[in-house]
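A.B. asks: Dropping in run.tsv, with TSV, C-alpha atoms.
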chain	number	residue	atom	x	y	z
N	1	MET	CA	44.89	153.14	193.34
N	2	PRO	CA	47.65	155.08	195.12
N	3	THR	CA	49.61	157.77	193.38
N	4	VAL	CA	52.09	156.39	190.86
N	5	THR	CA	55.38	157.74	189.56
N	6	ALA	CA	55.81	158.88	185.96
N	7	TYR	CA	59.22	159.01	184.27
N	8	LEU	CA	59.67	161.07	181.09
N	9	LEU	CA	61.83	159.66	178.30
N	10	ARG	CA	62.95	162.43	175.97
N	11	PHE	CA	64.53	160.88	172.87
N	12	ARG	CA	67.60	162.42	171.31
N	13	GLY	CA	66.86	160.88	167.91
N	14	PRO	CA	64.47	158.48	166.20
N	15	LEU	CA	63.10	155.32	167.78
N	16	HIS	CA	62.49	151.94	166.16
N	17	VAL	CA	60.22	149.46	167.95
N	18	ALA	CA	59.61	146.29	165.99
N	19	GLU	CA	56.05	145.54	164.89
N	20	ARG	CA	54.60	142.44	163.37
N	21	GLY	CA	54.94	143.19	159.66
N	22	VAL	CA	57.30	142.96	156.72
N	23	GLY	CA	60.92	143.00	157.87
N	24	ILE	CA	61.79	146.15	159.81
N	25	GLU	CA	59.60	148.48	157.78
N	26	GLU	CA	57.03	148.71	160.57
N	27	THR	CA	57.52	150.53	163.87
N	28	ALA	CA	55.19	151.10	166.79
N	29	GLU	CA	54.51	154.51	168.30
N	30	PHE	CA	54.89	153.31	171.89
N	31	VAL	CA	56.88	150.68	173.81
N	32	HIS	CA	55.15	147.68	175.38
N	33	SER	CA	55.80	146.94	179.05
N	34	ASP	CA	57.42	143.57	178.32
N	35	THR	CA	59.93	145.17	175.93
N	36	LEU	CA	60.87	147.80	178.49
N	37	PHE	CA	61.26	145.24	181.28
N	38	SER	CA	63.45	142.99	179.10
N	39	ALA	CA	65.64	145.97	178.18
N	40	LEU	CA	66.11	146.81	181.87
N	41	CYS	CA	67.08	143.20	182.58
N	42	SER	CA	69.72	143.36	179.84
N	43	VAL	CA	71.12	146.60	181.28
N	44	ILE	CA	71.30	145.17	184.80
N	45	ARG	CA	73.14	142.07	183.62
N	46	LEU	CA	75.55	144.14	181.52
N	47	GLY	CA	76.25	146.69	184.25
N	48	TRP	CA	75.89	144.76	187.49
N	49	GLY	CA	76.39	141.11	186.53
N	50	ASP	CA	74.31	137.96	186.48
N	51	SER	CA	74.03	137.69	190.28
N	52	GLU	CA	72.33	141.08	190.50
N	53	LEU	CA	70.02	140.17	187.64
N	54	GLN	CA	68.98	137.01	189.51
N	55	ARG	CA	68.30	139.07	192.63
N	56	TRP	CA	66.22	141.48	190.50
N	57	LEU	CA	64.20	138.63	188.96
N	58	ALA	CA	63.64	136.62	192.15
N	59	PRO	CA	60.53	138.47	193.47
N	60	PHE	CA	58.98	138.56	189.99
N	61	ARG	CA	59.46	134.80	189.62
N	62	ALA	CA	57.97	134.31	193.10
N	63	GLY	CA	54.79	136.18	192.16
N	64	ASP	CA	55.50	139.17	194.43
N	65	PRO	CA	56.76	141.94	192.11
N	66	PRO	CA	58.32	144.92	193.96
N	67	PHE	CA	56.83	147.30	191.39
N	68	LEU	CA	54.37	147.26	188.51
N	69	LEU	CA	55.46	148.74	185.21
N	70	SER	CA	53.23	150.31	182.55
N	71	SER	CA	53.96	150.50	178.86
N	72	ALA	CA	55.63	153.70	177.65
N	73	PHE	CA	53.09	156.09	176.10
N	74	PRO	CA	53.41	159.42	174.25
N	75	PHE	CA	53.49	162.84	175.85
N	76	ALA	CA	53.51	166.29	174.25
N	77	GLY	CA	54.26	169.36	176.31
N	78	SER	CA	52.50	168.83	179.63
N	79	VAL	CA	49.81	166.58	178.10
N	80	ARG	CA	50.12	162.86	178.79
N	81	PHE	CA	48.39	160.42	176.44
N	82	LEU	CA	47.10	156.96	177.34
N	83	PRO	CA	45.44	154.27	175.21
N	84	LYS	CA	41.72	154.80	174.65
N	85	PRO	CA	40.07	152.44	177.15
N	86	HIS	CA	37.37	149.96	176.16
N	87	LEU	CA	34.85	151.75	178.36
N	88	ALA	CA	31.31	152.62	177.42
N	89	LEU	CA	30.65	156.36	177.10
N	90	PRO	CA	28.23	157.70	179.73
N	91	THR	CA	26.07	159.25	176.99
N	92	PRO	CA	25.86	158.58	173.24
N	93	PRO	CA	28.22	160.87	171.33
N	94	PRO	CA	26.96	163.31	168.68
N	95	GLU	CA	26.72	161.90	165.18
N	96	ASP	CA	29.57	164.05	163.81
N	97	ALA	CA	31.92	162.83	166.57
N	98	ARG	CA	31.44	159.10	166.03
N	99	LYS	CA	33.80	158.80	163.06
N	100	ARG	CA	36.48	160.75	164.91
N	101	LEU	CA	36.06	158.45	167.92
N	102	ARG	CA	36.52	155.36	165.77
N	103	GLN	CA	39.83	156.76	164.51
N	104	THR	CA	41.11	157.63	167.99
N	105	ARG	CA	43.85	155.54	169.60
N	106	TRP	CA	45.00	157.92	172.36
N	107	VAL	CA	43.22	159.98	175.01
N	108	SER	CA	44.73	162.63	177.25
N	109	LEU	CA	45.22	161.97	180.95
N	110	GLY	CA	42.44	164.42	181.86
N	111	LEU	CA	39.98	162.72	179.55
N	112	PHE	CA	41.18	159.28	180.66
N	113	ARG	CA	40.36	160.18	184.26
N	114	ALA	CA	36.91	161.37	183.19
N	115	LEU	CA	36.26	158.10	181.37
N	116	LEU	CA	37.34	156.09	184.42
N	117	ASP	CA	34.84	158.02	186.52
N	118	GLY	CA	32.05	157.71	183.95
N	119	GLN	CA	31.77	161.48	183.50
N	120	VAL	CA	32.69	163.06	180.14
N	121	PRO	CA	31.99	166.78	179.62
N	122	ASP	CA	29.89	167.77	176.61
N	123	ASP	CA	32.63	169.94	175.08
N	124	ALA	CA	34.88	166.87	174.85
N	125	PHE	CA	33.08	165.93	171.61
N	126	ALA	CA	33.80	169.27	169.89
N	127	PRO	CA	36.03	169.12	166.77
N	128	ALA	CA	38.77	171.02	168.62
N	129	ALA	CA	39.04	168.12	171.07
N	130	PHE	CA	40.39	165.76	168.40
N	131	LEU	CA	43.87	165.62	166.88
N	132	PRO	CA	43.40	163.45	163.77
N	133	GLU	CA	47.07	163.58	162.76
N	134	ALA	CA	47.98	161.93	166.08
N	135	ALA	CA	44.78	159.85	166.41
N	136	ALA	CA	44.34	161.56	169.79
N	137	TRP	CA	41.42	162.89	171.83
N	138	LEU	CA	41.78	165.42	174.62
N	139	LEU	CA	39.80	167.96	176.61
N	140	PRO	CA	39.57	171.30	174.76
N	141	GLY	CA	41.30	173.08	177.64
N	142	GLU	CA	44.29	170.75	177.38
N	143	ARG	CA	44.99	171.83	173.81
N	144	ARG	CA	46.62	174.99	175.16
N	145	ALA	CA	49.18	172.83	177.00
N	146	LEU	CA	50.50	171.28	173.77
N	147	PRO	CA	53.90	172.43	172.45
N	148	ARG	CA	53.97	175.73	170.58
N	149	SER	CA	55.71	174.00	167.69
N	150	PHE	CA	52.43	172.15	167.14
N	151	THR	CA	49.86	174.84	167.95
N	152	ARG	CA	51.71	177.67	166.18
N	153	ASP	CA	53.98	176.08	163.56
N	154	GLY	CA	51.99	172.95	162.72
N	155	GLN	CA	54.83	170.50	163.40
N	156	PRO	CA	53.60	166.99	164.30
N	157	LEU	CA	53.70	165.81	167.90
N	158	TRP	CA	55.20	162.54	166.67
N	159	ALA	CA	55.34	160.89	163.26
N	160	ARG	CA	56.25	157.55	161.71
N	161	ASP	CA	58.15	157.33	158.45
N	162	VAL	CA	60.21	154.86	156.42
N	163	VAL	CA	63.77	155.66	155.36
N	164	PRO	CA	66.02	153.84	152.85
N	165	ARG	CA	69.25	152.25	154.05
N	166	VAL	CA	72.09	150.40	152.36
N	167	ALA	CA	73.77	147.18	153.49
N	168	ILE	CA	77.20	146.28	152.06
N	169	ASP	CA	78.19	142.62	151.65
N	170	ARG	CA	81.51	142.11	153.43
N	171	VAL	CA	82.77	139.60	150.83
N	172	THR	CA	81.59	140.98	147.48
N	173	ASN	CA	81.06	144.64	148.46
N	174	ALA	CA	77.66	144.40	146.74
N	175	SER	CA	75.09	146.85	148.03
N	176	GLN	CA	71.55	145.99	149.08
N	177	VAL	CA	68.93	148.68	149.63
N	178	TYR	CA	66.36	148.12	152.35
N	179	ARG	CA	63.91	150.27	154.27
N	180	SER	CA	63.39	150.71	157.99
N	181	GLY	CA	60.59	152.38	159.91
N	182	ARG	CA	61.26	154.94	162.59
N	183	LEU	CA	59.32	157.09	165.02
N	184	ARG	CA	60.30	160.73	165.32
N	185	PHE	CA	59.16	163.01	168.15
N	186	GLY	CA	58.53	166.71	167.83
N	187	PRO	CA	59.95	169.30	170.24
N	188	GLU	CA	58.83	168.77	173.85
N	189	SER	CA	57.46	165.31	173.02
N	190	GLY	CA	58.53	161.78	173.91
N	191	LEU	CA	57.35	158.80	175.92
N	192	PHE	CA	56.56	158.37	179.60
N	193	VAL	CA	56.28	155.27	181.77
N	194	LEU	CA	54.32	154.77	184.99
N	195	VAL	CA	55.59	152.78	187.97
N	196	ASP	CA	53.47	151.62	190.91
N	197	TRP	CA	55.94	151.08	193.74
N	198	ARG	CA	55.14	148.17	196.04
N	199	ASP	CA	58.64	148.08	197.56
N	200	ALA	CA	60.49	151.39	197.30
N	201	ARG	CA	63.84	149.75	198.14
N	202	TRP	CA	64.12	148.81	194.46
N	203	ARG	CA	63.63	152.37	193.25
N	204	SER	CA	67.30	153.36	193.17
N	205	LEU	CA	68.33	150.37	191.04
N	206	PHE	CA	65.39	150.89	188.69
N	207	GLU	CA	66.14	154.58	188.15
N	208	THR	CA	69.85	153.98	187.63
N	209	ALA	CA	69.16	151.18	185.13
N	210	LEU	CA	66.62	153.36	183.29
N	211	ALA	CA	69.15	156.18	182.97
N	212	GLU	CA	71.76	153.71	181.71
N	213	LEU	CA	69.26	152.31	179.20
N	214	GLY	CA	68.91	155.84	177.83
N	215	GLN	CA	72.64	155.86	177.07
N	216	LEU	CA	72.61	152.43	175.41
N	217	GLY	CA	69.35	152.91	173.54
N	218	LEU	CA	65.91	151.31	173.52
N	219	GLY	CA	64.46	149.26	170.68
N	220	GLY	CA	66.13	148.32	167.41
N	221	LEU	CA	68.69	149.94	165.09
N	222	ARG	CA	70.69	151.17	168.08
N	223	SER	CA	73.93	150.93	166.10
N	224	THR	CA	72.65	153.77	163.91
N	225	GLY	CA	71.79	156.05	166.82
N	226	HIS	CA	68.19	155.03	167.38
N	227	GLY	CA	66.54	154.78	170.78
N	228	GLN	CA	68.78	156.96	172.96
N	229	PHE	CA	66.93	159.11	175.46
N	230	THR	CA	67.33	161.26	178.54
N	231	ARG	CA	65.35	160.28	181.60
N	232	GLU	CA	63.92	163.50	182.92
N	233	PHE	CA	62.20	164.51	186.16
N	234	GLU	CA	59.72	162.26	187.85
N	235	GLU	CA	56.19	163.38	188.61
N	236	GLU	CA	53.40	161.89	190.68
N	237	ILE	CA	50.12	161.06	188.95
N	238	ALA	CA	46.93	160.14	190.77
N	239	PHE	CA	43.97	158.26	189.32
N	240	PRO	CA	40.42	158.57	190.66
N	241	GLU	CA	38.78	155.86	192.72
N	242	PRO	CA	35.21	155.66	191.36
N	243	ALA	CA	32.38	155.00	193.78
N	244	THR	CA	31.67	151.74	191.96
N	245	SER	CA	34.87	150.32	190.49
N	246	ARG	CA	34.02	146.81	189.40
N	247	GLY	CA	36.36	147.04	186.42
N	248	ARG	CA	40.03	147.75	185.89
N	249	VAL	CA	41.73	149.22	182.82
N	250	THR	CA	45.11	147.83	181.81
N	251	LEU	CA	48.01	150.19	181.09
N	252	SER	CA	50.44	147.36	180.38
N	253	LEU	CA	50.36	144.03	178.66
N	254	TYR	CA	48.73	141.43	180.90
N	255	ALA	CA	49.29	137.67	181.08
N	256	PRO	CA	46.57	136.37	183.44
N	257	ALA	CA	47.50	133.54	185.77
N	258	ARG	CA	45.42	130.38	185.55
N	259	SER	CA	43.79	131.13	188.90
N	260	GLU	CA	42.73	134.56	187.63
N	261	LEU	CA	41.23	133.07	184.47
N	262	ALA	CA	39.41	130.44	186.51
N	263	ALA	CA	38.00	133.19	188.75
N	264	GLY	CA	36.51	134.94	185.70
N	265	VAL	CA	38.75	137.99	185.27
N	266	LEU	CA	37.99	137.86	181.52
N	267	GLY	CA	34.32	137.09	182.06
N	268	PRO	CA	31.24	138.54	180.30
N	269	LEU	CA	31.81	142.10	181.55
N	270	ALA	CA	35.40	142.26	180.31
N	271	ARG	CA	36.24	144.09	177.08
N	272	TYR	CA	39.68	143.34	175.77
N	273	ASP	CA	41.95	142.80	172.80
N	274	LEU	CA	44.65	140.16	172.52
N	275	VAL	CA	48.08	140.76	171.06
N	276	VAL	CA	50.60	138.09	170.02
N	277	ARG	CA	54.07	138.73	171.44
N	278	GLY	CA	57.10	136.98	170.03
N	279	GLY	CA	60.35	138.38	168.71
N	280	TRP	CA	64.02	137.56	169.00
N	281	ILE	CA	66.18	136.92	172.04
N	282	ALA	CA	69.21	139.18	172.45
N	283	SER	CA	71.50	137.21	174.75
N	284	PRO	CA	75.27	137.49	175.26
N	285	ASP	CA	75.36	133.70	175.75
N	286	GLY	CA	74.69	132.73	172.17
N	287	ALA	CA	73.13	133.47	168.84
N	288	SER	CA	69.67	135.00	168.54
N	289	TYR	CA	66.70	132.67	168.78
N	290	ARG	CA	63.00	133.32	168.62
N	291	ARG	CA	61.02	133.47	171.85
N	292	ARG	CA	57.98	131.29	172.20
N	293	GLU	CA	54.93	133.30	171.20
N	294	LEU	CA	52.44	134.34	173.84
N	295	ARG	CA	48.98	135.89	173.59
N	296	MET	CA	48.52	138.75	176.04
N	297	VAL	CA	45.75	141.18	176.96
N	298	SER	CA	46.59	144.53	175.38
N	299	GLU	CA	46.78	148.01	176.86
N	300	GLY	CA	43.47	149.83	177.26
N	301	SER	CA	41.53	146.62	177.85
N	302	VAL	CA	38.94	146.34	180.60
N	303	VAL	CA	39.01	143.34	182.91
N	304	ALA	CA	36.23	142.56	185.37
N	305	PRO	CA	37.52	140.63	188.37
N	306	PRO	CA	34.89	139.19	190.73
N	307	PRO	CA	34.93	140.68	194.25
N	308	GLY	CA	38.00	139.55	196.14
N	309	THR	CA	39.92	138.54	193.00
N	310	ALA	CA	43.24	140.28	192.40
N	311	VAL	CA	44.43	141.27	188.95
N	312	LEU	CA	48.17	140.68	189.04
N	313	GLY	CA	49.40	138.55	186.13
N	314	GLN	CA	52.66	136.67	186.02
N	315	LEU	CA	56.19	136.37	184.67
N	316	VAL	CA	55.90	133.80	181.87
N	317	ASP	CA	58.71	131.43	180.90
N	318	VAL	CA	59.08	131.65	177.09
N	319	THR	CA	62.45	129.90	176.81
N	320	PRO	CA	62.80	128.07	173.47
N	321	ALA	CA	63.90	124.45	173.67
N	322	VAL	CA	67.27	125.25	172.11
N	323	MET	CA	68.16	127.55	175.06
N	324	ARG	CA	67.01	125.36	177.95
N	325	SER	CA	70.61	124.52	178.82
N	326	VAL	CA	71.75	128.16	178.60
N	327	HIS	CA	69.38	130.29	180.71
N	328	PRO	CA	65.65	130.89	181.06
N	329	VAL	CA	63.88	133.61	179.07
N	330	TYR	CA	60.90	135.39	180.57
N	331	ARG	CA	58.04	137.54	179.30
N	332	TYR	CA	56.88	140.28	181.69
N	333	GLY	CA	53.11	139.88	182.07
N	334	TYR	CA	52.28	141.66	185.32
N	335	ALA	CA	49.29	143.95	185.02
N	336	PHE	CA	49.44	147.69	185.66
N	337	THR	CA	45.75	148.55	186.14
N	338	VAL	CA	43.61	151.42	187.34
N	339	PRO	CA	40.05	151.16	188.70
N	340	ALA	CA	37.12	152.12	186.47
N	341	ASP	CA	33.38	152.60	186.75
N	342	LEU	CA	32.17	149.64	184.70
N	343	LYS	CA	28.74	149.93	183.08
N	344	GLU	CA	26.69	146.93	182.05
Produce C-alpha cells that represent the structure in this file.
C.D. replies:
Amino acid sequence: MPTVTAYLLRFRGPLHVAERGVGIEETAEFVHSDTLFSALCSVIRLGWGDSELQRWLAPFRAGDPPFLLSSAFPFAGSVRFLPKPHLALPTPPPEDARKRLRQTRWVSLGLFRALLDGQVPDDAFAPAAFLPEAAAWLLPGERRALPRSFTRDGQPLWARDVVPRVAIDRVTNASQVYRSGRLRFGPESGLFVLVDWRDARWRSLFETALAELGQLGLGGLRSTGHGQFTREFEEEIAFPEPATSRGRVTLSLYAPARSELAAGVLGPLARYDLVVRGGWIASPDGASYRRRELRMVSEGSVVAPPPGTAVLGQLVDVTPAVMRSVHPVYRYGYAFTVPADLKE
C-alpha cells in the first residue's frame, strides 16, 4: 500500500460518541469511519451548499471514491494506536502474557507493522509492553515516546467517565437528572485519522472541511462544548508490503459489495467481527429519524480476497421510507485496508 496521510485531531474538551447502550450513558473511545464521513458531509452542505455536497458525493455513489478514509484512533505523544488485528501470532505467546493479550484492544503502530509482517520480537510480550489501563500493547521501546504526564505523573492517556446533568422542563420548570458518558484525553493525546488519496484534487476541500468540523464539533453533546478539536499537522505513514500478502486488515468499517461477497472476500481464511450501525439522522430538512440498520465488518478484521479480487466496499443507501421524498441518506462503507501476511 502506498504511503497514507495521517491527520491529528487534538480535542479541546471532552468527546461523546454514541454507543449502543442505555440512553447516552455509553461513549466509544474512537470514531468510526462512517460517523466521520457523515459529519464531513454535514459540514460541506452547511458551508458550501447542497450543490457542492452533491459534487462531493458523486464519485462515492459511482463506486470510484477519490479517497479512502479510516476510522479515527487514539494517539498519545508520538505513539499511534490501531485496533488489534485478527492475525495469528507467529509464535505462541508466553503463558503469563496470554491474559494480557485477551484484554488488549489497541496496538501501537510499530507493533501493528510487525504483526502485518508476521514478525513479533520476543520482548513485545514483556509486562512493560502492556498498558492495562488503556487496554493497549506496544513495543517496549515505544513506551519512552508516551507523554511525560503518563510516564512521570501517572495521568491516563484517555479515560471514559459518566457525569450527571440536569434538564429543565420549559413548561413546568421541573428538573430531571440524567447521566452522559464522555471521553477525556490526557495531555498530548487525541485521535488521528488516515486518508489514502486516490485523487489529490479533493485534498483541499477535505482539509478545509475537517478544520471546520473541529470548530463545530464532532459527535454528540456539542451544545455543551463536546467534540471541538484542532486539526494539527499532517504526517505520512507507510505500511509494509509483506512478501506474501494474501490478507488485508481493515482500518475502517467495511460494507462489502455483493460481487465481493460472491468472490469470497469473507471466505474461510477471513477473521472478522460484525457491528450493527444505526443511529439518528441529523438533517436540516426535517425532524430526526432513525437510519436503517446495517451490519458492517469492524475495524481490525482480516479479509481474504481471492487473487484478482479488490476489497473496496460501497456507499450504502440507508434512507428510511419516511425520508424518501426529502433526500437520500448514505452509510459510508468503503474499506481502508492494509496488506498482511496471512497464516493458515
A.B. asks: Have a look at CA of Val166 in chain N and CA of Arg290 in chain N and let me know their distance in Å, one decimal.
C.D. replies: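 Straight-line distance from CA of Val166 in chain N to CA of Arg290 in chain N works out to 25.3 Å.
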A.B. asks: Just the number, please: distance in Å from CA of Leu131 in chain N to CA of Ser71 in chain N, one decimal.
C.D. replies: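 So the answer is 21.8 Å.
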A.B. asks: Around (46.0, 137.9, 184.7) in the file's own coordinates, what residues are found within 7 Å if you use all atoms listed in the file, given back as a list in words?
C.D. replies: Tyr254, Ala255, Pro256, Ala257, Glu260, Leu261, Val311, Leu312, Gly313, Gln314 and Ala335 of chain N
A.B. asks: Within 7 Å of (58.3, 169.3, 174.2), in the coordinates the file gives, what residues turn up when you count all atoms listed in the file, written out as a ChimeraX atom specification?
C.D. replies: /N:76-77,147,186-189
A.B. asks: Report, in Å to a single decimal, how far apart CA of Val193 in chain N and CA of Ala18 in chain N are.
C.D. replies: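 One can read the CA of Ala18 in chain N to CA of Val193 in chain N distance as 18.5 Å.
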A.B. asks: Mind dumping a table of every range 11-70 of chain N residue within 10 Å of range 219-238 of chain N, with the nearest atom pair and its distance in Å to one decimal, using only C-alpha atoms, sorted by chain and rising number, as CSV?
C.D. replies:
residue,atom,partner,partner_atom,distance
N:Phe11,CA,N:Phe229,CA,3.9
N:Arg12,CA,N:Phe229,CA,5.4
N:Gly13,CA,N:His226,CA,6.0
N:Pro14,CA,N:His226,CA,5.2
N:Leu15,CA,N:Gly227,CA,4.6
N:His16,CA,N:Gly220,CA,5.3
N:Val17,CA,N:Gly219,CA,5.0
N:Ala18,CA,N:Gly220,CA,7.0
N:Ile24,CA,N:Gly220,CA,9.0
N:Thr27,CA,N:Gly220,CA,9.6
N:Val31,CA,N:Gly219,CA,8.3
N:Thr35,CA,N:Gly219,CA,8.1
N:Leu36,CA,N:Gly219,CA,8.7
N:Ala39,CA,N:Gly219,CA,8.3
A.B. asks: Which of these, N:Val326, N:Leu89, N:Leu194, N:Leu315, has the shortest distance to Asp122 in chain N once you count only C-alpha atoms?
C.D. replies: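 With only C-alpha atoms as the atom set, the closest residue is N:Leu89.
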A.B. asks: Need the shell around Arg98 in chain N: protein/DNA/RNA residues with any atom at most 12 Å away, counting all atoms listed in the file. Skip same-chain ones fewer than 4 positions apart. Format as an MDAnalysis selection string?
C.D. replies: chainID N and resid 89 92:94 102:104 125:127 130
